Every structure is written in structure tokens, then in C-alpha cells.
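Q: Got a structure for you, questions after.
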Amino acid sequence: MATSGWTGRTLFARLSLPRLLLFLLMLVYFVYFGLYATRRHLAFETGAFDLGVYIQPLWNFIQGRGFSASLIADNGPLRWATHVEPILFLVAPLYKLWPEPRLLLWLQVAGLTLAALPLFALGSRRLQNEWTALVVVIAYFLMPATEAVTLFDFHAVTLAPLFLLAAIYFLDRALAAQGHSLWLWPEAKLHLGEATDNDQTDEATVGPVAGYLLSALFFLLAMATKEDIPLYIFMVGLYLVALRRRWRAGGLLMIASLAWFYVASQVIIPAYRTGGGQSIYLAWFETLGDTPLAVVLSPFTQPDKVLALLFRPGSLPALGMLVVPLALLPAAGLPFLLMAAPGLAFSFLSQNPTLRQLETWHYAAPLLPFTLLAAIDGLARLSFYLSPRSRRTSRLPLAALGLLLLLTSLAYHHLRGYSHLARLSEWPEVTPHHRLGREMAATIPAGAALLAQAQLVPHVAHRERLKIWSGPLFTEYDYAWLDLSHPRLPNRNNAHGEFLTGMVIEPAFGAVVSRDGYILLKKGAAREPLSEELFTFTEFDQVPENARRVNADFGGIFNLVAVRPEVRRLATSETEPQIVLYFELLDKPAEDYHLFIYLLDREGEIIGATDYPQPALFWWPASRWQAGDRRQVRVNTVPWWTGDKAVFGYAVGFSRTDDPWDIVARLPITVGTGSPPPGSRPLDQRTLLPVAAFRRLAGLPYPQPLSILEQ
């Protein structure tokens with residue numbers, strides 16, 4: 001099937017079935033992930049980094065204070081001290097029309113959805129087959145990296161895939177209008193000399209001048225999304241010069257992109273940085289040099305260090321996150337994959353491991369266009385090679401490769417994706433607790449200086465003075481707001497204890513609201529005892545349907561009714577799997593018992609134990625529990641990391657002392673009719689209860705039956 005370019009005239013003149021399916025697919029992706037992203041926000045799963053750090057400067061700009069951001073005041077007073085994103089000048093009028101964080105989330109989903117249009121058009125021209133081009137778009141939407149970019153808060157750079165693909169599409173059209181090709185051999189697939197009537201119409205509609213101008217416009221928009229995007233455009237120019245001999249177009253791209261990169265990174269950022277100096281992100285590459293030039297030249301000046309970084313654990317999995325879901329096809333389109341070299345270098349050479357977690361954060365955004373173009377080119381090359389010599393235009397190899405791509409992307413998505421097609425799918429639940437939080441946010445005056453927990457920041461970011469709470473209570477702020485029950489507010493290093501100490505010793509603050517885990521402090525408010533309504537987050541009415549029933553008796557006092565493992569897909573790289581324990585009190589505790597969680601290896605042996613109380617037990621300790629109480633304890637505070645363990649588990653035990661290794665002090669356990677707990681070792685007989693087991697598959701922890709732990 002010969003295909004034409006993608007202009008308004010031909011689009012509506014020839015709405016083929018693949019194009020209709022493309023629009024339907026785009027609509028489904030836009031609606032599904034738009035709702036997913038907004039529900040994450042309404043369920044308080046977004047955060048200061050990186051949604052609040054955009055909301056505040058946009059709101060300040062609308063108020064006439066420039067893009068000022070107190071959340072990143074350590075970098076500098078304005079957003080430009082952290083990143084150079086002139087595209088925000090275009091986003092700000094939209095935000096003024098609807099000053100709501102959800103606007104940014106929908107805008108991000110829209111940009112990534114619309115990127116499918118130039119991707120489909122480029123695939124159709126290269127492959128001469130719209131059905132296979134549609135499969136490429138399906139694979140793009142199914143990539144966990146794409147979905148992570150879509151869902152992880154908001155970033156201006158997530159608009160780069162749309163702009164880069166649109167720019168390359170118009171560049172392709174301009175070159176074709178002059179009888180040249182963007183693509184490398186095999187030229188036979190392109191049939192440049194055998195254009196159809198529709199092709200000729202497109203060539204006239206998008207001539208070389210218009211094509212180059214539109215390409216330049218979209219390249220400019222792409223560079224406006226972040227200061228490092230010019231490096232990718234430089235690679236496009238280098239490709240044109242070195243491999244396509246398009247000296248003028250390629251040379252202009254190289255010069256313009258390097259000039260803007262220099263201005264953004266060496267002029268604008270230092271000018272707005274507190275005390276001047278380089279971008280704070282340069283410290284991520286400090287082993288290679290202290291200037292951008294030193295880092296760029298490091299492969300020649302320090303090849304040993306570069307090689308050591310390239311081949312350390314984590315680099316190969318990061319590359320796999322881009323090419324494996326695309327059936328390794330980008331490897332066959334290597335020239336286009338090399339255009340992603342700047343981002344790959346950032347990932348592989350950085351001291352920050354999050355840059356290699358391309359399916360959790362937003363760092364894959366500028367890599368996606370070139371990886372997908374490489375997949376398209378790989379499809380074309382391999383189908384040409386696999387076609388019989390006598391029939392180089394055979395469609396059978398292309399169809400087979402397209403089917404392989406479709407099946408691979410579906411299988412990979414099932415293991416690591418975010419939608420309901422994936423094994424670890426989740427749909428954020430918006431509860432009365434979250435609605436209470438939004439009501440509380442509305443009561444905090446917009447002119448008040450606020451100290452807030454990171455996950456609450458996006459809901460209160462429309463203010464000039466705002467700081468992320470990190471432990472201390474700073475008296476220069478008018479309010480302080482925390483959600484003690486939030487899954488991402490662990491009691492690591494006694495953070496909750498530090499906050500409580502500040503409440504006790506700092507007379508400037510009094511609690512104006514303390515309810516269901518939320519505590520709102522106000523400077524100058526009356527200092528009164530906390531309401532017992534604050535601790536209702538430790539209570540439960542019904543055991544959730546997805547919890548596993550246990551019925552284990554700890555010393556005739558605590559009955560563990562059920563356990564619910566919880567793997568939070570969007571946080572698995574920064575947090576361990578959490579569990580929620582549901583207890584019924586058989587008798588009032590005579591003393592304050594300590595609940596400990598133990599890490600088990602695949603043989604069921606203990607290899608770790610918690611060192612700080614879980615938030616629910618810190619705020620409502622066991623000594624305050626009453627007979628008949630139903631209490632839930634979320635386990636989100638652990639000192640270990642299980643990323644290198646294929647199989648592991650959790651066990652629980654109550655102790656009379658604060659020493660998790662004091663076996664004698666642990667309460668005895670009976671399960672059901674009095675049998676010893678499964679998995680107990682002779683030394684720990686009847687004192688520890690295995691409650692959860694996990695197996696890592698494709699790097700993610702999946703809940704498993706307890707029998708997976710070798711007893």
C-alpha cells in the first residue's frame with residue numbers, strides 16, 4: 001500500500017482504516033491516561049517534584065512576579081536557575097485560563113498522544129505500509145517508558161517528542177521535495193521516483209521552503225522545552241552532514257543548536273543561580289569533570305572512567321527499557337538510535353541512579369523519538385534483507401516483523417506496563433480522606449507562607465512563599481501541613497519523631513486541624529491537645545477484598561486478621577513493597593509492645609529487621625489500643641533494599657522490648673487452631689509469622705504465595 005504524506009487535504013481525502021484506527025487509539029490513550037494522571041493528583045500521588053515546582057512559578061508569573069519558585073530557592077530565585085524552559089511562556093496563558101494543576105497533566109498527555117501523528121506519518125513513508133506504521137504507534141503507546149513519562153507529574157520536556165517528531169517529519173518532506181531522502185539505504189523502499197498522485201499533491205503542498213520553515217519552527221519549540229534538547233538536534237544535524245551529505249541543512253542545525261545550548265547552560269543558568277556557577281546537575285557527572293566541556297571530552301581524556309561507568313550494573317537494563325519492548329528493532333536502525341546518544345550518555349555516565357530508571361521517571365522523554373525512528377528504520381532494513389532477491393518489495397517479511405513487534409510490546413507491557421493490560425496495574429482510589437485534604441487546602445490563605453509535605457505541595461502551590469517540609473518546624477512560616485498517614489511519608493530516621501518534638505518544643509505553632517492523619521499547624525494558634533480524630537487513620541471497618549486472611553494470635557492480645565501486599569508501580573524504584581496489617585484486639589495490652597517487620601531471604605532466613613516504628617504505631621502506640629479495637633498498620637518504613645533479590649519475604653512479630661533480635665521477648669504466635677506459624681525456624685518457633693512473599697520478574701516485585709519461600 002503506497003502512502004502519502006500527512007497534510008490536512010490528503011488526511012480527509014483518504015481516511016484509510018489504519019488512520020481511523022490511529023485516531024481511535026489516540027483517543028483511548030488520551031482519555032485513559034488523562035484520567036489516570038488526574039486521579040493520581042486527586043489521590044495525592046503527585047508531589048512537589050515535579051508538579052509543584054511548575055505550578056508555583058506559573059502562578060507567580062501570572063501574578064506578575066516572573067517565574068519565581070521558592071521551592072527551589074537553594075538553586076536560585078527563578079525557575080531558570082534550575083532549567084531553561086521558554087516553552088513555559090506559552091503554557092502560562094493556558095494556565096491563566098484554567099489555573100489548576102490538572103491542566104498541566106492533561107497538556108502533558110495531549111502532547112505525548114499527538115506525537116503519534118508524525119510518528120505514524122514517518123513510519124508510513126519509510127515502510128510504505130500504514131498497518132505496520134500503526135503497529136509502531138501501538139508499540140509506542142505500550143512502552144512503559146512512554147507511560148512513565150505520561151504519568152510522572154509534569155515536565156516541560158515531555159512536549160519534546162511531539163516537537164522533535166514533527167520537525168523531523170517536515171524535514172523529511174522538505175528533503176523528499178528536492179528528490180532526497182532522510183533515510184539511509186535501502187533506497188528501493190522509498191520509490192522516490194514513483195510518486196502517486198497523492199504524493200505529488202503532498203509535495204506541492206509541502207514544498208522544500210515550507211518544509212524547512214516548519215521543521216525549523218518545531219526544532220525551536222523542542223529546544224524551548226529544556227536546555228539539553230539542543231544536543232539531540234545537534235545529532236540530527238550531524239547525521240544530515242555525515243551520512244546524508246546535506247551540508248546546509250545539517251550545518252545550520254549543528255550551529256544553531258550548539259549556540260542555544262551554550263547560551264542556556266553557560267549564560268542563563270549561571271546568571272540566575274544563587275552565587276552563579278554551573279547547573280546543579282553537573283554534579284551528577286563530577287567523576288568526569290567539573291565543566292560541561294570536560295564531561296564531553298571525557299571519552300578521550302578519561303576513557304577508563306567512562307568505560308567503567310558504561311559497564312556498571314544498571315546500564316544494560318536501562319538500554320533494554322528502550323529497545324527490548326521494540327523487539328530489539330532499534331539496533332537495526334542504529335544511525336537513528338545514535339541520535340539519542342546525549343540522553344544515553346546522561347543515563348550511563350551519571351552518578352544519579354534515577355537517570356537509569358527510564359520506566360519510572362521522565363528521563364526517557366527525549367530518547368523516545370529517536371528510539372522509535374530507529375525501530376521504523378530497523379523494520380525497513382530487515383524486511384528488505386529478508387525479502388527474496390527477486391522480489392525486494394515483498395510484504396511478507398514486513399508483516400512478520402510487524403507481528404513480532406506487536407507481540408513483543410504486548411508481552412513486555414504485561415510485565416512492566418501501567419495500564420490495565422499489565423499485571424501490576426493500579427487505578428488510583430480517591431477516598432474521603434483525599435477529599436478532606438482538598439478541603440483543608442482550600443482553608444489555607446493564599447497569602448500565607450506555608451511549610452508542607454512534598455505530596456501536599458501541588459494542592460497549595462498557588463502562593464509566593466512555600467517550602468517543602470524536611471523535618472524541622474521553621475518559625476518564619478505561617479502554617480505547617482502534613483498527612484501523617486500518607487504512604488510516602490515513612491518514619492525513616494525518626495522523621496515523625498522529629499516533627500512531634502518540634503510541635504512540643506516550638507511554642508509558635510498550635511494545631512488548628514488534626515483529623516484522620518492530617519495535621520495543620522498555625523503560627524499563633526492556641527496550643528491545645530491534639531484531637532483523637534487525628535488518629536482515625538489507624539482504624540478500619542472492613543477488611544479489603546484484596547487482602548489475604550490470616551487469623552494469627554499474638555500472645556492472646558493481637559489478632560492479625562489479614563495482610564494486604566501493595567506494590568505501588570510508580571514508586572517501586574524508590575520504595576520497597578508495602579504491606580498493610582489488619583489487627584483486632586483480643587485484650588487490652590498491659591504494656592507498650594513493639595511491632596517489628598523482618599526481611600526474609602528465599603530460604604525463609606531472617607536477613608533484616610525494621611529499626612523505627614511504623615507511623616500508625618508511632619502516633620497511636622499499642623499501649624493505647626483497647627480490647628475490640630480494629631487497627632491497621634501500614635508498613636512503609638524499612639531500612640533495606642531488595643532490588644538485587646529475586647525472591648524475598650516479610651515476617652512480623654511483637655516484642656516486649658525495642659530490640660528486634662530479642663527472641664525471648666517476642667510474643668508467642670498461634671495460627672488458626674493453634675498450629676505453629678508456617679515458616680518458623682526452631683529458634684523462632686511461634687514468635688515470627690511470615691506474612692508476604694515477593695518474586696522479582698522483569699525487575700518488579702510481584703506478590704507470591706508464601707510457599708515460594710523455601711521452608
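In the C-alpha cells, chains take the letters A, B, ... in the order shown, each chain's residues start at 1, and ligands count up from 1 in the order shown.
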What are the DSSP strand (DSSP E) residues of stretch 409-552 of chain A, as a count of residues only?

A: 29

Q: With only C-alpha atoms as the counted atoms, please give the residues lying no more than 9 Å from stretch 25-37 of chain A, apart from itself and same-chain residues fewer than 5 positions off, as a PyMOL selection string.

A: chain A and resi 20+42+46+102+105-110+112-114+116-117+137-138+141+147+150-153+419+427-428

Q: Since we have the selection now, will you write its residues out, keeping N, CA and C atoms, as a short mmCIF file (atom, residue, chain, number, x, y, z; two decimals), in the first residue's frame?

A:
data_model
loop_
_atom_site.label_atom_id
_atom_site.label_comp_id
_atom_site.auth_asym_id
_atom_site.auth_seq_id
_atom_site.Cartn_x
_atom_site.Cartn_y
_atom_site.Cartn_z
N LEU A 20 -8.09 5.62 10.64
CA LEU A 20 -9.23 5.67 11.56
C LEU A 20 -8.89 4.97 12.87
N LEU A 42 -5.62 13.80 42.30
CA LEU A 42 -6.70 13.89 43.29
C LEU A 42 -6.48 12.94 44.45
N THR A 46 0.74 12.87 43.33
CA THR A 46 1.72 13.76 42.72
C THR A 46 2.51 14.44 43.85
N ARG A 102 -4.39 20.22 37.13
CA ARG A 102 -4.83 19.21 36.17
C ARG A 102 -4.66 19.68 34.73
N LEU A 105 -1.38 18.35 33.61
CA LEU A 105 -1.41 16.90 33.40
C LEU A 105 -2.08 16.56 32.08
N TRP A 106 -3.20 17.21 31.78
CA TRP A 106 -3.88 16.97 30.50
C TRP A 106 -3.03 17.45 29.33
N LEU A 107 -2.34 18.57 29.52
CA LEU A 107 -1.47 19.08 28.46
C LEU A 107 -0.35 18.08 28.16
N GLN A 108 0.20 17.51 29.19
CA GLN A 108 1.27 16.53 29.00
C GLN A 108 0.76 15.30 28.26
N VAL A 109 -0.40 14.79 28.66
CA VAL A 109 -0.97 13.63 27.99
C VAL A 109 -1.28 13.96 26.53
N ALA A 110 -1.78 15.17 26.28
CA ALA A 110 -2.10 15.58 24.91
C ALA A 110 -0.85 15.62 24.04
N LEU A 112 2.01 13.97 24.37
CA LEU A 112 2.52 12.64 24.10
C LEU A 112 1.58 11.85 23.20
N THR A 113 0.29 12.13 23.27
CA THR A 113 -0.67 11.47 22.38
C THR A 113 -0.51 11.98 20.95
N LEU A 114 -0.39 13.29 20.79
CA LEU A 114 -0.27 13.88 19.44
C LEU A 114 1.02 13.48 18.76
N ALA A 116 1.95 10.75 18.21
CA ALA A 116 1.66 9.59 17.36
C ALA A 116 1.41 9.99 15.91
N LEU A 117 0.96 11.22 15.67
CA LEU A 117 0.67 11.64 14.29
C LEU A 117 1.94 11.69 13.43
N VAL A 137 3.02 2.70 16.30
CA VAL A 137 2.33 3.61 17.22
C VAL A 137 1.80 2.83 18.42
N ILE A 138 1.24 1.65 18.19
CA ILE A 138 0.77 0.82 19.30
C ILE A 138 1.92 0.49 20.24
N PHE A 141 2.75 3.50 22.39
CA PHE A 141 1.81 3.69 23.50
C PHE A 141 1.97 2.62 24.57
N GLU A 147 4.63 5.51 29.08
CA GLU A 147 3.59 5.68 30.09
C GLU A 147 4.14 6.31 31.36
N THR A 150 4.33 9.88 30.73
CA THR A 150 2.97 10.43 30.73
C THR A 150 2.44 10.67 32.13
N LEU A 151 2.76 9.78 33.06
CA LEU A 151 2.12 9.80 34.37
C LEU A 151 2.92 10.48 35.46
N PHE A 152 4.24 10.60 35.29
CA PHE A 152 5.04 11.15 36.38
C PHE A 152 4.93 12.67 36.42
N ASP A 153 3.95 13.16 37.16
CA ASP A 153 3.74 14.58 37.40
C ASP A 153 3.77 15.35 36.08
N SER A 419 -0.95 0.25 32.35
CA SER A 419 -2.38 0.20 32.08
C SER A 419 -2.99 -1.06 32.68
N TRP A 427 -5.21 1.56 39.75
CA TRP A 427 -6.06 2.70 39.40
C TRP A 427 -6.24 3.50 40.68
N PRO A 428 -5.69 4.70 40.72
CA PRO A 428 -5.70 5.46 41.98
C PRO A 428 -7.11 5.60 42.54
#

Q: Would you pick out the contacts of A:Lys645 at 10 Å or less, using only C-alpha atoms, so that residues sharing its chain but fewer than 3 positions from it are not included, and give the list as number ranges by chain?

A: A: 601-602, 641-642, 648, 694-696, 699, 701

Q: Name the residues in contact with stretch 330-340 of chain A at a cut-off of 8 Å, using only C-alpha atoms, excluding same-chain residues fewer than 4 positions from it; report them as a PyMOL selection string.

A: chain A and resi 232+235-236+239+323+326+344+366-367+370-379+381-382

Q: Set the distance at 8 Å and use only C-alpha atoms: which residues neighbour A:His155 once local chain neighbours fewer than 2 positions away are removed? I'd like the list as a ChimeraX atom specification.

A: /A:50-51,54,108,153,157-158,362

Q: Go ahead and dump the residues you just picked, N, CA, C and O atoms, as a PDB file, in the first residue's frame.

A:
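Resulting contents of again_15.pdb:
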ATOM      1  N   ASP A  50       7.689  16.359  40.494  1.00  0.00           N
ATOM      2  CA  ASP A  50       7.920  17.589  39.761  1.00  0.00           C
ATOM      3  C   ASP A  50       6.619  18.220  39.265  1.00  0.00           C
ATOM      4  O   ASP A  50       6.514  18.538  38.088  1.00  0.00           O
ATOM      5  N   LEU A  51       5.665  18.392  40.135  1.00  0.00           N
ATOM      6  CA  LEU A  51       4.468  19.127  39.746  1.00  0.00           C
ATOM      7  C   LEU A  51       4.429  20.476  40.450  1.00  0.00           C
ATOM      8  O   LEU A  51       4.215  21.514  39.815  1.00  0.00           O
ATOM      9  N   TYR A  54       6.465  23.342  39.065  1.00  0.00           N
ATOM     10  CA  TYR A  54       5.949  24.023  37.874  1.00  0.00           C
ATOM     11  C   TYR A  54       4.743  24.896  38.220  1.00  0.00           C
ATOM     12  O   TYR A  54       4.570  25.984  37.666  1.00  0.00           O
ATOM     13  N   GLN A 108       0.204  17.508  29.191  1.00  0.00           N
ATOM     14  CA  GLN A 108       1.269  16.528  29.003  1.00  0.00           C
ATOM     15  C   GLN A 108       0.756  15.296  28.262  1.00  0.00           C
ATOM     16  O   GLN A 108       1.413  14.805  27.321  1.00  0.00           O
ATOM     17  N   ASP A 153       3.954  13.155  37.161  1.00  0.00           N
ATOM     18  CA  ASP A 153       3.745  14.577  37.399  1.00  0.00           C
ATOM     19  C   ASP A 153       3.767  15.350  36.077  1.00  0.00           C
ATOM     20  O   ASP A 153       3.158  14.930  35.112  1.00  0.00           O
ATOM     21  N   VAL A 157       9.739  19.043  29.288  1.00  0.00           N
ATOM     22  CA  VAL A 157      10.459  18.248  28.288  1.00  0.00           C
ATOM     23  C   VAL A 157       9.595  17.131  27.712  1.00  0.00           C
ATOM     24  O   VAL A 157       9.937  16.568  26.661  1.00  0.00           O
ATOM     25  N   THR A 158       8.474  16.809  28.332  1.00  0.00           N
ATOM     26  CA  THR A 158       7.615  15.767  27.781  1.00  0.00           C
ATOM     27  C   THR A 158       6.917  16.223  26.497  1.00  0.00           C
ATOM     28  O   THR A 158       6.337  15.393  25.797  1.00  0.00           O
ATOM     29  N   HIS A 362      10.788  10.582  34.157  1.00  0.00           N
ATOM     30  CA  HIS A 362      10.532  11.254  32.876  1.00  0.00           C
ATOM     31  C   HIS A 362      11.746  11.302  31.962  1.00  0.00           C
ATOM     32  O   HIS A 362      11.685  11.892  30.886  1.00  0.00           O
TER      33      HIS A 362
END

Q: Choose the residue, out of A:Ala327, A:Thr301, A:Glu100, A:Thr501, that has the smallest atom-to-atom separation from A:Thr408; count only C-alpha atoms.

A: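 Of A:Ala327, A:Thr301, A:Glu100, A:Thr501, the one nearest A:Thr408, counting only C-alpha atoms, is A:Ala327.
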
Q: What is the atom CA of A:Thr610-atom CA of A:Asp662 distance in Å, reported with one decimal?

A: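 So the answer is 13.2 Å.
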
Q: Show me, as a list in words, the residues that have an atom within 9 Å of stretch 272-283 of chain A when counting only C-alpha atoms, minus same-chain residues fewer than 3 positions from it.

A: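 Counting only the stated atoms, we get Ala73, Asp74, Asn75, Gly76, Pro77, Leu78, Arg79, Trp80, Ala81, Thr82, His83, Ser265, Gln266, Val267, Ile268, Ile269, Glu286, Thr287, Gly289, Asp290, Thr291, Pro292, Val295, Ser350 and Gln351 of chain A.
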
Q: Pick from A:Trp131, A:Phe596, A:Phe348, A:Phe554: nearest to A:Ser16, with only C-alpha atoms counted?

A: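 Looking at the shortest contact to A:Ser16, the residue is A:Trp131.
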
Q: Quick one: residues within 10 Å of A:Ala526, only C-alpha atoms, excluding same-chain residues fewer than 2 positions away - as a list in words?

A: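 Contacts, with the query itself left out: Pro507, Ala508, Phe509, Gly510, Ala511, Val512, Leu521, Lys522, Lys523, Gly524, Glu528 and Pro529 of chain A.
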
Q: Could you check how far atom CA of A:Pro445 sits from atom CA of A:Gly517, in Å to one decimal?

A: 21.0 Å

Q: Can you list, as an MDAnalysis selection string, all residues belonging to stretch 304-458 of chain A that DSSP tags as helix (DSSP H, G or I)?

A: chainID A and resid 304:310 315:326 329:349 353:356 365:386 396:416 432:443 454:458
